[in-house]
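File shown here: upload21.txt, holding compact mmCIF, C-alpha atoms and all ligand atoms.
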# COMPACT_ATOMS: atom_id res chain seq x y z
CA MET A 1 170.37 95.84 134.13
CA LEU A 2 166.85 95.00 135.30
CA LEU A 3 164.21 95.82 132.66
CA ASP A 4 160.43 96.08 132.96
CA ARG A 5 157.93 94.98 130.29
CA ARG A 6 158.31 98.29 128.46
CA GLY A 7 162.13 97.99 128.41
CA ARG A 8 162.67 100.56 131.19
CA ALA A 9 165.64 99.92 133.47
CA LEU A 10 165.36 100.23 137.24
CA GLY A 11 167.40 103.29 138.21
CA THR A 12 165.98 105.30 141.11
CA LEU A 13 164.28 104.48 144.40
CA ARG A 14 162.16 107.13 146.10
CA LEU A 15 162.31 106.18 149.72
CA SER A 16 159.59 107.66 151.93
CA VAL A 17 160.73 107.59 155.56
CA THR A 18 157.62 109.09 157.17
CA ASP A 19 154.10 110.15 156.22
CA ARG A 20 154.07 112.99 158.79
CA CYS A 21 154.53 116.58 157.73
CA ASN A 22 154.94 119.99 159.36
CA LEU A 23 153.33 121.83 156.41
CA ARG A 24 149.94 121.37 154.78
CA CYS A 25 150.47 122.31 151.14
CA THR A 26 147.07 122.69 149.53
CA TYR A 27 148.09 120.62 146.47
CA CYS A 28 149.24 117.72 148.68
CA MET A 29 147.54 117.77 152.11
CA PRO A 30 144.49 120.04 151.88
CA GLU A 31 142.32 118.15 154.38
CA ALA A 32 141.87 118.92 158.08
CA HIS A 33 142.30 115.29 159.19
CA TYR A 34 144.42 112.39 158.00
CA THR A 35 144.72 108.66 158.61
CA TRP A 36 148.35 108.10 159.63
CA LEU A 37 150.49 105.03 159.15
CA GLU A 38 151.01 103.11 162.37
CA LYS A 39 154.45 103.75 163.87
CA PRO A 40 155.38 100.08 164.51
CA HIS A 41 154.69 99.45 160.83
CA LEU A 42 157.38 101.88 159.64
CA LEU A 43 160.42 100.11 158.24
CA SER A 44 163.48 100.36 160.46
CA PHE A 45 166.77 101.79 159.13
CA GLU A 46 168.12 98.22 159.03
CA GLU A 47 165.16 97.07 156.91
CA LEU A 48 165.45 100.06 154.57
CA THR A 49 169.18 99.50 154.15
CA ARG A 50 168.66 95.82 153.41
CA VAL A 51 166.17 96.64 150.62
CA VAL A 52 168.53 99.23 149.14
CA ARG A 53 171.48 96.81 149.27
CA LEU A 54 169.47 94.15 147.41
CA LEU A 55 168.22 96.64 144.80
CA ARG A 56 171.75 97.99 144.39
CA ALA A 57 172.81 94.51 143.29
CA GLN A 58 170.09 94.74 140.59
CA GLY A 59 171.43 98.01 139.17
CA LEU A 60 169.79 100.65 141.35
CA GLU A 61 171.78 103.87 140.85
CA LYS A 62 170.10 106.51 142.97
CA VAL A 63 168.09 106.82 146.19
CA ARG A 64 166.03 109.90 146.97
CA ILE A 65 164.91 110.14 150.59
CA THR A 66 161.50 111.79 150.88
CA GLY A 67 158.22 111.72 152.82
CA GLY A 68 155.98 113.35 154.19
CA GLU A 69 158.69 115.57 155.57
CA PRO A 70 161.78 113.34 155.85
CA LEU A 71 163.51 115.58 158.41
CA LEU A 72 160.78 114.62 160.89
CA ARG A 73 162.16 111.07 160.97
CA GLN A 74 164.36 110.69 164.05
CA GLU A 75 168.09 110.24 163.45
CA LEU A 76 167.89 110.63 159.68
CA PRO A 77 171.67 111.26 159.30
CA LYS A 78 172.19 107.74 160.64
CA LEU A 79 170.15 106.33 157.74
CA VAL A 80 172.16 108.43 155.27
CA GLY A 81 175.37 106.91 156.64
CA MET A 82 173.95 103.38 156.50
CA LEU A 83 172.81 103.77 152.88
CA GLN A 84 176.24 105.06 151.91
CA GLN A 85 177.86 102.08 153.54
CA ALA A 86 175.50 99.85 151.54
CA GLY A 87 177.18 101.22 148.41
CA MET A 88 174.67 103.90 147.45
CA GLU A 89 176.78 106.71 146.03
CA GLN A 90 174.00 108.83 144.56
CA LEU A 91 171.97 109.82 147.60
CA ALA A 92 169.54 112.73 147.49
CA LEU A 93 166.97 114.24 149.84
CA THR A 94 163.77 116.19 149.14
CA SER A 95 162.61 118.39 152.01
CA ASN A 96 160.28 121.31 152.62
CA GLY A 97 163.21 123.05 154.32
CA VAL A 98 161.56 123.91 157.64
CA LEU A 99 164.08 121.87 159.68
CA LEU A 100 166.98 122.32 157.31
CA GLU A 101 168.98 124.87 159.26
CA LYS A 102 169.08 122.56 162.29
CA GLN A 103 169.90 119.36 160.42
CA ALA A 104 171.85 120.22 157.26
CA ALA A 105 175.32 119.96 158.81
CA ALA A 106 174.68 116.51 160.30
CA LEU A 107 173.21 115.27 157.02
CA GLN A 108 176.18 116.55 155.06
CA ALA A 109 178.62 115.05 157.55
CA ALA A 110 176.84 111.70 157.09
CA GLY A 111 177.49 111.91 153.34
CA LEU A 112 174.49 113.67 151.81
CA GLU A 113 175.56 115.73 148.79
CA ARG A 114 172.30 116.34 146.88
CA LEU A 115 169.51 118.41 148.29
CA THR A 116 166.16 119.48 146.84
CA VAL A 117 164.04 121.97 148.76
CA SER A 118 160.42 122.71 147.91
CA LEU A 119 159.72 126.43 147.70
CA ASP A 120 156.53 127.75 146.11
CA SER A 121 156.94 131.48 146.69
CA ILE A 122 159.18 134.02 148.38
CA ARG A 123 156.21 136.26 149.09
CA PRO A 124 155.10 135.51 152.67
CA GLU A 125 151.36 135.71 152.01
CA VAL A 126 151.57 133.42 148.97
CA PHE A 127 153.83 130.92 150.76
CA THR A 128 151.45 130.77 153.72
CA ARG A 129 148.40 130.45 151.49
CA LEU A 130 149.93 127.39 149.80
CA ALA A 131 151.69 125.77 152.77
CA GLN A 132 148.98 126.68 155.32
CA ARG A 133 151.81 127.43 157.76
CA ALA A 134 153.74 130.73 158.12
CA GLU A 135 157.20 129.17 157.76
CA LEU A 136 158.72 131.14 154.87
CA GLN A 137 161.42 132.86 156.92
CA THR A 138 162.52 129.57 158.50
CA VAL A 139 162.79 127.95 155.06
CA LEU A 140 164.67 130.92 153.60
CA SER A 141 167.14 131.01 156.41
CA GLY A 142 167.70 127.24 156.03
CA LEU A 143 168.28 127.75 152.32
CA ARG A 144 170.73 130.59 152.86
CA SER A 145 172.74 128.46 155.24
CA VAL A 146 172.89 125.41 152.96
CA SER A 147 173.87 127.62 150.03
CA GLN A 148 177.13 128.34 151.92
CA MET A 149 177.85 124.70 152.74
CA GLY A 150 179.07 123.49 149.35
CA PHE A 151 176.52 120.78 148.59
CA GLN A 152 177.31 119.13 145.26
CA GLU A 153 173.72 119.67 144.09
CA LEU A 154 171.12 122.14 145.37
CA LYS A 155 167.71 122.33 143.71
CA LEU A 156 164.43 124.09 144.37
CA ASP A 157 161.04 122.56 143.47
CA THR A 158 158.01 124.76 142.84
CA VAL A 159 154.52 123.42 142.18
CA VAL A 160 152.78 126.06 140.07
CA VAL A 161 149.11 126.66 140.89
CA ARG A 162 147.08 129.02 138.72
CA GLY A 163 145.90 132.13 140.48
CA VAL A 164 148.13 131.48 143.52
CA ASN A 165 151.88 131.50 142.72
CA ASP A 166 151.87 131.61 138.92
CA ALA A 167 153.01 135.24 138.90
CA ASP A 168 156.08 134.40 141.01
CA LEU A 169 158.17 132.39 138.55
CA VAL A 170 160.64 135.08 137.48
CA GLU A 171 161.18 136.23 141.07
CA LEU A 172 161.69 132.60 142.22
CA THR A 173 164.16 131.98 139.39
CA ARG A 174 166.18 135.06 140.40
CA PHE A 175 166.15 133.89 144.02
CA ALA A 176 167.36 130.42 142.97
CA GLY A 177 170.22 132.06 141.05
CA SER A 178 171.16 134.14 144.08
CA ILE A 179 171.69 131.03 146.23
CA GLY A 180 173.32 128.94 143.48
CA ALA A 181 170.36 126.55 143.15
CA GLU A 182 168.66 125.15 140.05
CA ILE A 183 164.90 125.63 140.16
CA ARG A 184 162.33 123.26 138.69
CA PHE A 185 158.74 124.23 138.03
CA ILE A 186 156.28 121.37 138.44
CA GLU A 187 152.84 121.16 136.84
CA TYR A 188 150.13 120.63 139.46
CA MET A 189 149.29 116.91 139.29
CA ASP A 190 146.03 115.11 140.02
CA VAL A 191 147.72 112.55 142.26
CA GLY A 192 146.15 110.91 145.32
CA GLY A 193 145.86 113.51 148.05
CA ALA A 194 145.30 116.38 145.60
CA THR A 195 141.60 116.45 146.38
CA ARG A 196 141.28 120.09 145.28
CA TRP A 197 142.82 119.50 141.84
CA GLN A 198 141.00 120.99 138.84
CA PRO A 199 142.28 121.01 135.25
CA ASP A 200 142.15 124.80 135.06
CA LEU A 201 144.53 125.12 138.04
CA VAL A 202 147.33 123.48 136.02
CA VAL A 203 149.81 125.97 134.55
CA SER A 204 151.28 124.18 131.54
CA GLN A 205 154.94 123.94 130.53
CA GLU A 206 154.20 126.28 127.60
CA GLU A 207 152.77 128.93 129.93
CA ILE A 208 155.68 128.55 132.35
CA LEU A 209 158.19 128.98 129.52
CA ALA A 210 156.30 131.97 128.10
CA GLN A 211 156.63 133.73 131.45
CA LEU A 212 160.35 132.87 131.70
CA ARG A 213 160.95 134.12 128.13
CA THR A 214 159.28 137.39 129.03
CA GLY A 215 161.46 137.71 132.11
CA PHE A 216 164.77 136.48 130.71
CA GLY A 217 164.57 136.90 126.92
CA SER A 218 164.82 133.22 125.94
CA ALA A 219 164.49 129.62 127.21
CA GLU A 220 166.29 127.05 125.05
CA PRO A 221 165.90 123.31 125.72
CA LEU A 222 169.04 121.40 126.73
CA ALA A 223 169.80 117.92 125.41
CA GLY A 224 170.56 114.83 127.51
CA ARG A 225 167.45 114.49 129.68
CA GLY A 226 167.68 110.69 130.12
CA SER A 227 165.21 109.42 132.70
CA ALA A 228 165.06 112.73 134.62
CA PRO A 229 161.54 114.07 135.20
CA ALA A 230 162.55 117.64 134.35
CA GLN A 231 163.25 118.99 130.88
CA ARG A 232 165.96 121.60 131.39
CA PHE A 233 166.15 124.98 129.65
CA ARG A 234 168.86 127.63 129.47
CA LEU A 235 167.51 131.13 130.00
CA GLY A 236 168.70 134.33 128.36
CA ASN A 237 170.71 135.25 131.47
CA GLY A 238 172.57 131.90 131.37
CA GLN A 239 170.67 130.34 134.28
CA VAL A 240 169.36 126.77 133.85
CA VAL A 241 165.84 125.84 135.01
CA GLY A 242 163.79 122.64 134.77
CA VAL A 243 160.12 122.05 134.00
CA VAL A 244 158.38 118.87 135.16
CA ALA A 245 155.43 118.63 132.78
CA SER A 246 153.84 115.47 134.19
CA VAL A 247 150.34 116.57 133.17
CA THR A 248 150.80 118.02 129.68
CA HIS A 249 153.89 116.02 128.54
CA PRO A 250 154.07 112.83 130.64
CA PHE A 251 157.46 111.14 130.61
CA CYS A 252 156.36 107.61 131.63
CA GLY A 253 158.23 106.13 128.65
CA ASP A 254 161.56 106.94 130.37
CA CYS A 255 160.52 106.46 134.00
CA ASP A 256 163.12 104.50 136.00
CA ARG A 257 161.53 105.02 139.42
CA LEU A 258 160.44 102.60 142.10
CA ARG A 259 158.76 103.92 145.27
CA LEU A 260 158.70 102.60 148.81
CA THR A 261 156.18 103.89 151.35
CA ALA A 262 157.40 104.36 154.91
CA ASP A 263 155.50 101.22 155.96
CA GLY A 264 157.10 99.07 153.31
CA GLN A 265 154.73 98.98 150.35
CA LEU A 266 156.62 98.97 147.09
CA LEU A 267 154.95 100.88 144.23
CA LEU A 268 155.68 100.85 140.51
CA CYS A 269 154.09 104.23 139.76
CA LEU A 270 152.98 107.41 141.51
CA TYR A 271 149.46 106.52 140.33
CA ALA A 272 149.58 102.80 141.31
CA LYS A 273 146.64 101.78 143.49
CA THR A 274 148.28 98.61 144.78
CA GLY A 275 151.84 97.46 145.37
CA LEU A 276 154.04 94.77 146.89
CA ASP A 277 153.90 94.18 150.65
CA LEU A 278 157.64 94.21 151.24
CA ARG A 279 157.27 94.64 155.00
CA GLY A 280 155.39 91.33 155.21
CA LEU A 281 158.15 89.62 153.26
CA LEU A 282 160.96 91.19 155.34
CA ARG A 283 159.34 90.47 158.69
CA GLY A 284 158.15 87.02 157.61
CA GLY A 285 161.71 85.70 157.65
CA ALA A 286 162.49 85.65 153.91
CA ASP A 287 166.23 85.36 153.21
CA ASP A 288 168.12 87.73 150.89
CA ARG A 289 167.69 85.44 147.90
CA GLN A 290 163.94 85.22 148.39
CA VAL A 291 163.52 88.98 148.83
CA SER A 292 165.74 89.69 145.83
CA ASP A 293 163.83 87.24 143.60
CA ARG A 294 160.56 88.91 144.54
CA LEU A 295 161.98 92.38 143.80
CA VAL A 296 163.23 91.25 140.39
CA GLU A 297 159.89 89.64 139.57
CA PHE A 298 158.00 92.76 140.67
CA TRP A 299 159.98 95.17 138.47
CA SER A 300 160.09 92.74 135.53
CA GLN A 301 156.30 92.60 135.24
CA ARG A 302 155.93 96.41 135.44
CA GLN A 303 153.80 98.00 132.71
CA ASP A 304 152.62 101.11 134.58
CA GLN A 305 152.41 104.46 132.82
CA GLY A 306 150.03 106.25 135.15
CA ALA A 307 150.49 109.84 133.92
CA VAL A 308 150.05 108.79 130.28
CA ASP A 309 146.90 106.83 131.19
CA ARG A 310 145.52 109.90 132.98
CA THR A 311 145.73 111.94 129.76
CA ARG A 312 143.17 109.55 128.26
CA VAL A 313 140.59 110.31 130.96
CA GLY A 314 137.86 112.55 129.55
CA GLN A 315 136.38 114.75 132.27
CA ARG A 316 139.46 114.76 134.50
CA SER A 317 139.09 115.64 138.19
CA GLY A 318 140.74 114.35 141.41
CA TYR A 319 142.31 110.89 141.00
CA VAL A 320 141.04 109.26 144.21
CA SER A 321 138.05 110.12 146.36
CA LEU A 322 138.35 111.28 149.96
CA GLU A 323 136.67 108.05 151.11
CA GLU A 324 139.30 105.95 149.31
CA LEU A 325 142.11 108.07 150.82
CA ARG A 326 140.75 107.70 154.34
CA ALA A 327 140.49 103.92 153.86
CA ASN A 328 143.98 103.62 152.34
CA PRO A 329 146.50 106.31 153.31
CA ARG A 330 149.09 104.75 151.00
CA LEU A 331 147.22 106.40 148.11
CA GLU A 332 148.26 109.81 149.50
CA MET A 333 151.06 111.75 147.77
CA HIS A 334 152.64 112.51 151.17
CA THR A 335 152.74 108.78 151.98
CA ARG A 336 154.22 107.61 148.69
CA GLY A 337 156.81 110.36 148.56
CA GLY A 338 155.97 112.49 145.53
N1 LIG B 401 157.88 117.23 152.17
C1 LIG B 401 158.88 117.19 151.18
C2 LIG B 401 158.72 118.33 150.20
O1 LIG B 401 157.68 118.97 150.19
O2 LIG B 401 159.67 118.57 149.47
C3 LIG B 401 158.99 115.87 150.44
C4 LIG B 401 157.71 115.16 150.08
S1 LIG B 401 156.71 115.98 148.88
C5 LIG B 401 155.33 114.88 148.74
C6 LIG B 401 157.64 115.70 147.41
C7 LIG B 401 157.31 116.59 146.23
O3 LIG B 401 155.99 116.34 145.79
C8 LIG B 401 157.39 118.06 146.54
O4 LIG B 401 158.29 118.70 145.67
C9 LIG B 401 155.98 118.54 146.29
O5 LIG B 401 155.99 119.84 145.86
C10 LIG B 401 155.47 117.54 145.28
N2 LIG B 401 154.01 117.47 145.18
C11 LIG B 401 153.13 117.21 146.16
N3 LIG B 401 151.86 117.24 145.69
C12 LIG B 401 151.94 117.55 144.36
C13 LIG B 401 150.99 117.72 143.31
N4 LIG B 401 149.68 117.62 143.54
N5 LIG B 401 151.45 118.01 142.08
C14 LIG B 401 152.77 118.13 141.83
N6 LIG B 401 153.72 117.96 142.77
C15 LIG B 401 153.32 117.68 144.03
FE1 LIG B 402 154.31 118.26 153.32
FE2 LIG B 402 155.85 118.09 151.16
FE3 LIG B 402 153.22 117.51 151.02
FE4 LIG B 402 153.96 120.01 151.38
S1 LIG B 402 154.42 118.75 149.57
S2 LIG B 402 152.36 118.93 152.54
S3 LIG B 402 155.76 119.80 152.60
S4 LIG B 402 154.75 116.39 152.13
Using structure tokens, write down the structure from this file.
Ligand code: SAM
Ligand code: SF4
Amino acid sequence: MLLDRRGRALGTLRLSVTDRCNLRCTYCMPEAHYTWLEKPHLLSFEELTRVVRLLRAQGLEKVRITGGEPLLRQELPKLVGMLQQAGMEQLALTSNGVLLEKQAAALQAAGLERLTVSLDSIRPEVFTRLAQRAELQTVLSGLRSVSQMGFQELKLDTVVVRGVNDADLVELTRFAGSIGAEIRFIEYMDVGGATRWQPDLVVSQEEILAQLRTGFGSAEPLAGRGSAPAQRFRLGNGQVVGVVASVTHPFCGDCDRLRLTADGQLLLCLYAKTGLDLRGLLRGGADDRQVSDRLVEFWSQRQDQGAVDRTRVGQRSGYVSLEELRANPRLEMHTRGG
């Protein structure tokens, strides 16, 4: 087991495979123009698989493929198959669902069993206001098809923004139940990219639960959270939901996550401003032993607890300025994978 300086074991890798996206969610990509990663700089499937294989030998248990929108990466099922062959049993994917209907069968055939789809509303006008693209029906039809395909795990993720979709939680929970998915409500975070973030737009875990108790009678916490970002609750109707309270109840003390940007920068925290240039190491001819030693050293010196540190900031507003984001796209949420 590989431990960091706070005694946290490496467990999960969030693997961003592209920074491109076909939606423009206002809490993630609110700007009209972006600086994109250069295509030749993206890690190849072989490079990604090599990193995963070396981390697997250090105790890595789970890989979550993300982006940007991961389904925009060409031949993604091929990567899923390669990661499986590298011994990664727990493989998950987070997608906005727009391309799901076309790709779900190939992903499942390649071995993907865990799927999380972001869905912020089932009211067309609210969905479009948040995503800045009128794609609700495409996402819903993708979701209905995957709900029939027998995935081992199907989850929905909803970022709750005050005054936009905060009246939709009961309706979204019922929808999740109807397709056999577990829904998780996420507090709006002041991460890089969230240039429109304001403290009063955050709907807290307490407010989320109050609404669910009104709708379903009760919401009782479940034990056994481990290093999962969501605290799970059982509702009065028996359904289980999660709340990711990164702003009001940060869970850095249990965080087991390492992140890799699509162009090979390894990050120890969602809020980290710098990371390890893994692409340079991989393309510079380092052998497996050298890469592995560097990975071990990197995790071992980790002290990051970005969300906890943010709670100590007095007048809290956006985390990084637009100028900083333009100069360094790796600070963007859509580049580091959420
Ligand atoms: N495009 C895919 C999607 O939307 O599911 C994967 C990448 S997205 C960056 C991963 C997750 O980050 C999504 O669930 C999204 O809702 C979440 N996210 C993005 N910006 C956020 C913010 N400011 N606060 C909280 N969650 C955020
Ligand atoms: Fe795209 Fe996902 Fe960001 Fe929305 S949250 S803009 S779908 S990367």
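Within the 8 Å cut-off around region 235-244 of chain A, using all atoms listed in the file and omitting residues fewer than 5 positions from it on the same chain, the listed residues are Thr173, Gly177, Glu182, Ile183, Arg184, Phe185, Ile186, Glu187, Gln205, Leu212, Arg213, Phe216, Gly217, Ser218, Ala219, Glu220, Pro229 and Ala230 of chain A.
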Output C-alpha atoms for every residue in that selection, as a PDB file, keeping the file's coordinate frame.
ATOM      1  CA  THR A 173     164.160 131.980 139.390  1.00  0.00           C
ATOM      2  CA  GLY A 177     170.220 132.060 141.050  1.00  0.00           C
ATOM      3  CA  GLU A 182     168.660 125.150 140.050  1.00  0.00           C
ATOM      4  CA  ILE A 183     164.900 125.630 140.160  1.00  0.00           C
ATOM      5  CA  ARG A 184     162.330 123.260 138.690  1.00  0.00           C
ATOM      6  CA  PHE A 185     158.740 124.230 138.030  1.00  0.00           C
ATOM      7  CA  ILE A 186     156.280 121.370 138.440  1.00  0.00           C
ATOM      8  CA  GLU A 187     152.840 121.160 136.840  1.00  0.00           C
ATOM      9  CA  GLN A 205     154.940 123.940 130.530  1.00  0.00           C
ATOM     10  CA  LEU A 212     160.350 132.870 131.700  1.00  0.00           C
ATOM     11  CA  ARG A 213     160.950 134.120 128.130  1.00  0.00           C
ATOM     12  CA  PHE A 216     164.770 136.480 130.710  1.00  0.00           C
ATOM     13  CA  GLY A 217     164.570 136.900 126.920  1.00  0.00           C
ATOM     14  CA  SER A 218     164.820 133.220 125.940  1.00  0.00           C
ATOM     15  CA  ALA A 219     164.490 129.620 127.210  1.00  0.00           C
ATOM     16  CA  GLU A 220     166.290 127.050 125.050  1.00  0.00           C
ATOM     17  CA  PRO A 229     161.540 114.070 135.200  1.00  0.00           C
ATOM     18  CA  ALA A 230     162.550 117.640 134.350  1.00  0.00           C
TER      19      ALA A 230
END
* Give the residue list for ligand LIG 401 (chain B) at 7 Å, counting all atoms listed in the file, as a VMD selection string, sorted by chain and then by residue number. => chain A and resid 21 27 to 28 66 to 70 94 to 96 117 to 118 157 to 159 186 to 191 194 333 to 334 337 to 338
* Show which residues sit within 10 Å of region 303-308 of chain A, as a PyMOL selection string. Count all atoms listed in the file, and ignore same-chain residues fewer than 6 positions away. => chain A and resi 4-8+189-191+246-255+267-272
Produce a file of the selected residues containing C-alpha atoms, as a PDB file, in the coordinates of the input.
ATOM      1  CA  ASP A   4     160.430  96.080 132.960  1.00  0.00           C
ATOM      2  CA  ARG A   5     157.930  94.980 130.290  1.00  0.00           C
ATOM      3  CA  ARG A   6     158.310  98.290 128.460  1.00  0.00           C
ATOM      4  CA  GLY A   7     162.130  97.990 128.410  1.00  0.00           C
ATOM      5  CA  ARG A   8     162.670 100.560 131.190  1.00  0.00           C
ATOM      6  CA  MET A 189     149.290 116.910 139.290  1.00  0.00           C
ATOM      7  CA  ASP A 190     146.030 115.110 140.020  1.00  0.00           C
ATOM      8  CA  VAL A 191     147.720 112.550 142.260  1.00  0.00           C
ATOM      9  CA  SER A 246     153.840 115.470 134.190  1.00  0.00           C
ATOM     10  CA  VAL A 247     150.340 116.570 133.170  1.00  0.00           C
ATOM     11  CA  THR A 248     150.800 118.020 129.680  1.00  0.00           C
ATOM     12  CA  HIS A 249     153.890 116.020 128.540  1.00  0.00           C
ATOM     13  CA  PRO A 250     154.070 112.830 130.640  1.00  0.00           C
ATOM     14  CA  PHE A 251     157.460 111.140 130.610  1.00  0.00           C
ATOM     15  CA  CYS A 252     156.360 107.610 131.630  1.00  0.00           C
ATOM     16  CA  GLY A 253     158.230 106.130 128.650  1.00  0.00           C
ATOM     17  CA  ASP A 254     161.560 106.940 130.370  1.00  0.00           C
ATOM     18  CA  CYS A 255     160.520 106.460 134.000  1.00  0.00           C
ATOM     19  CA  LEU A 267     154.950 100.880 144.230  1.00  0.00           C
ATOM     20  CA  LEU A 268     155.680 100.850 140.510  1.00  0.00           C
ATOM     21  CA  CYS A 269     154.090 104.230 139.760  1.00  0.00           C
ATOM     22  CA  LEU A 270     152.980 107.410 141.510  1.00  0.00           C
ATOM     23  CA  TYR A 271     149.460 106.520 140.330  1.00  0.00           C
ATOM     24  CA  ALA A 272     149.580 102.800 141.310  1.00  0.00           C
TER      25      ALA A 272
END
* Asked: Quick one, how far is CA of Ser317 (chain A) from CA of Leu201 (chain A)?
  ->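 Result for CA of Ser317 (chain A) versus CA of Leu201 (chain A): 10.9 Å, one decimal.
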* By how many Å are CA of Ala167 (chain A) and CA of Ser121 (chain A) apart? -> 9.5 Å
* Asked: Could you list as a list in words every residue that has an atom within 7 Å of (143.4, 115.3, 147.2), using the file's coordinates and counting only C-alpha atoms?
  ->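 All residues meeting the 7 Å criterion around (143.4, 115.3, 147.2) are Cys28, Met29, Pro30, Gly192, Gly193, Ala194, Thr195, Arg196, Trp197 and Gly318 of chain A.
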* To do: Would you mind telling me which residue in A:Phe233, A:Phe151, A:Tyr34, A:Phe45 lies nearest to Thr116 (chain A) when using only C-alpha atoms?
  =>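 When distances to Thr116 (chain A) are compared using only C-alpha atoms, the smallest one comes from A:Phe151.
Our summary of the geometry notes that CA of Gly280 (chain A) is positioned 28.6 Å from atom S3 of ligand LIG 402 (chain B).
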* Counting only C-alpha atoms, the residue of A:Ser292, A:Gln137, A:Gln152, A:Gln85 that sits nearest Thr49 (chain A) ->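 Once distances to Thr49 (chain A) are computed over only C-alpha atoms, the minimum belongs to A:Gln85.
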* Using only C-alpha atoms and all ligand atoms, pick whichever of A:Val17, A:Ala131, A:Met1, A:Leu83 has the shortest atom-to-atom distance to ligand LIG 402 (chain B). =>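 Closest residue, counting only C-alpha atoms and all ligand atoms: A:Ala131.
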* Asked: Which residue, A:Glu113, A:Glu46, A:Asp288, A:Glu135, has the smallest gap to ligand LIG 402 (chain B) when you use all atoms listed in the file?
  -> A:Glu135
Would you compute an axis-aligned box for region 214-226 of chain A, covering every atom listed for it in the file with 5 Å of margin on each side, and report centre and edge lengths in Å to one decimal as JSON?
{"center_x": 164.9, "center_y": 124.2, "center_z": 128.6, "size_x": 21.3, "size_y": 37.0, "size_z": 17.1}
Starting from the point (150.2, 104.9, 159.4), work out which residues of protein, DNA or RNA have an atom no more than 12 Å away when counting all atoms listed in the file; state them as a PDB file with C-alpha atoms, in the frame of the given file.
ATOM      1  CA  VAL A  17     160.730 107.590 155.560  1.00  0.00           C
ATOM      2  CA  THR A  18     157.620 109.090 157.170  1.00  0.00           C
ATOM      3  CA  ASP A  19     154.100 110.150 156.220  1.00  0.00           C
ATOM      4  CA  ARG A  20     154.070 112.990 158.790  1.00  0.00           C
ATOM      5  CA  TYR A  34     144.420 112.390 158.000  1.00  0.00           C
ATOM      6  CA  THR A  35     144.720 108.660 158.610  1.00  0.00           C
ATOM      7  CA  TRP A  36     148.350 108.100 159.630  1.00  0.00           C
ATOM      8  CA  LEU A  37     150.490 105.030 159.150  1.00  0.00           C
ATOM      9  CA  GLU A  38     151.010 103.110 162.370  1.00  0.00           C
ATOM     10  CA  LYS A  39     154.450 103.750 163.870  1.00  0.00           C
ATOM     11  CA  PRO A  40     155.380 100.080 164.510  1.00  0.00           C
ATOM     12  CA  HIS A  41     154.690  99.450 160.830  1.00  0.00           C
ATOM     13  CA  LEU A  42     157.380 101.880 159.640  1.00  0.00           C
ATOM     14  CA  LEU A  43     160.420 100.110 158.240  1.00  0.00           C
ATOM     15  CA  GLY A  68     155.980 113.350 154.190  1.00  0.00           C
ATOM     16  CA  THR A 261     156.180 103.890 151.350  1.00  0.00           C
ATOM     17  CA  ALA A 262     157.400 104.360 154.910  1.00  0.00           C
ATOM     18  CA  ASP A 263     155.500 101.220 155.960  1.00  0.00           C
ATOM     19  CA  GLY A 264     157.100  99.070 153.310  1.00  0.00           C
ATOM     20  CA  GLN A 265     154.730  98.980 150.350  1.00  0.00           C
ATOM     21  CA  ARG A 326     140.750 107.700 154.340  1.00  0.00           C
ATOM     22  CA  ALA A 327     140.490 103.920 153.860  1.00  0.00           C
ATOM     23  CA  ASN A 328     143.980 103.620 152.340  1.00  0.00           C
ATOM     24  CA  PRO A 329     146.500 106.310 153.310  1.00  0.00           C
ATOM     25  CA  ARG A 330     149.090 104.750 151.000  1.00  0.00           C
ATOM     26  CA  LEU A 331     147.220 106.400 148.110  1.00  0.00           C
ATOM     27  CA  GLU A 332     148.260 109.810 149.500  1.00  0.00           C
ATOM     28  CA  HIS A 334     152.640 112.510 151.170  1.00  0.00           C
ATOM     29  CA  THR A 335     152.740 108.780 151.980  1.00  0.00           C
ATOM     30  CA  ARG A 336     154.220 107.610 148.690  1.00  0.00           C
TER      31      ARG A 336
END
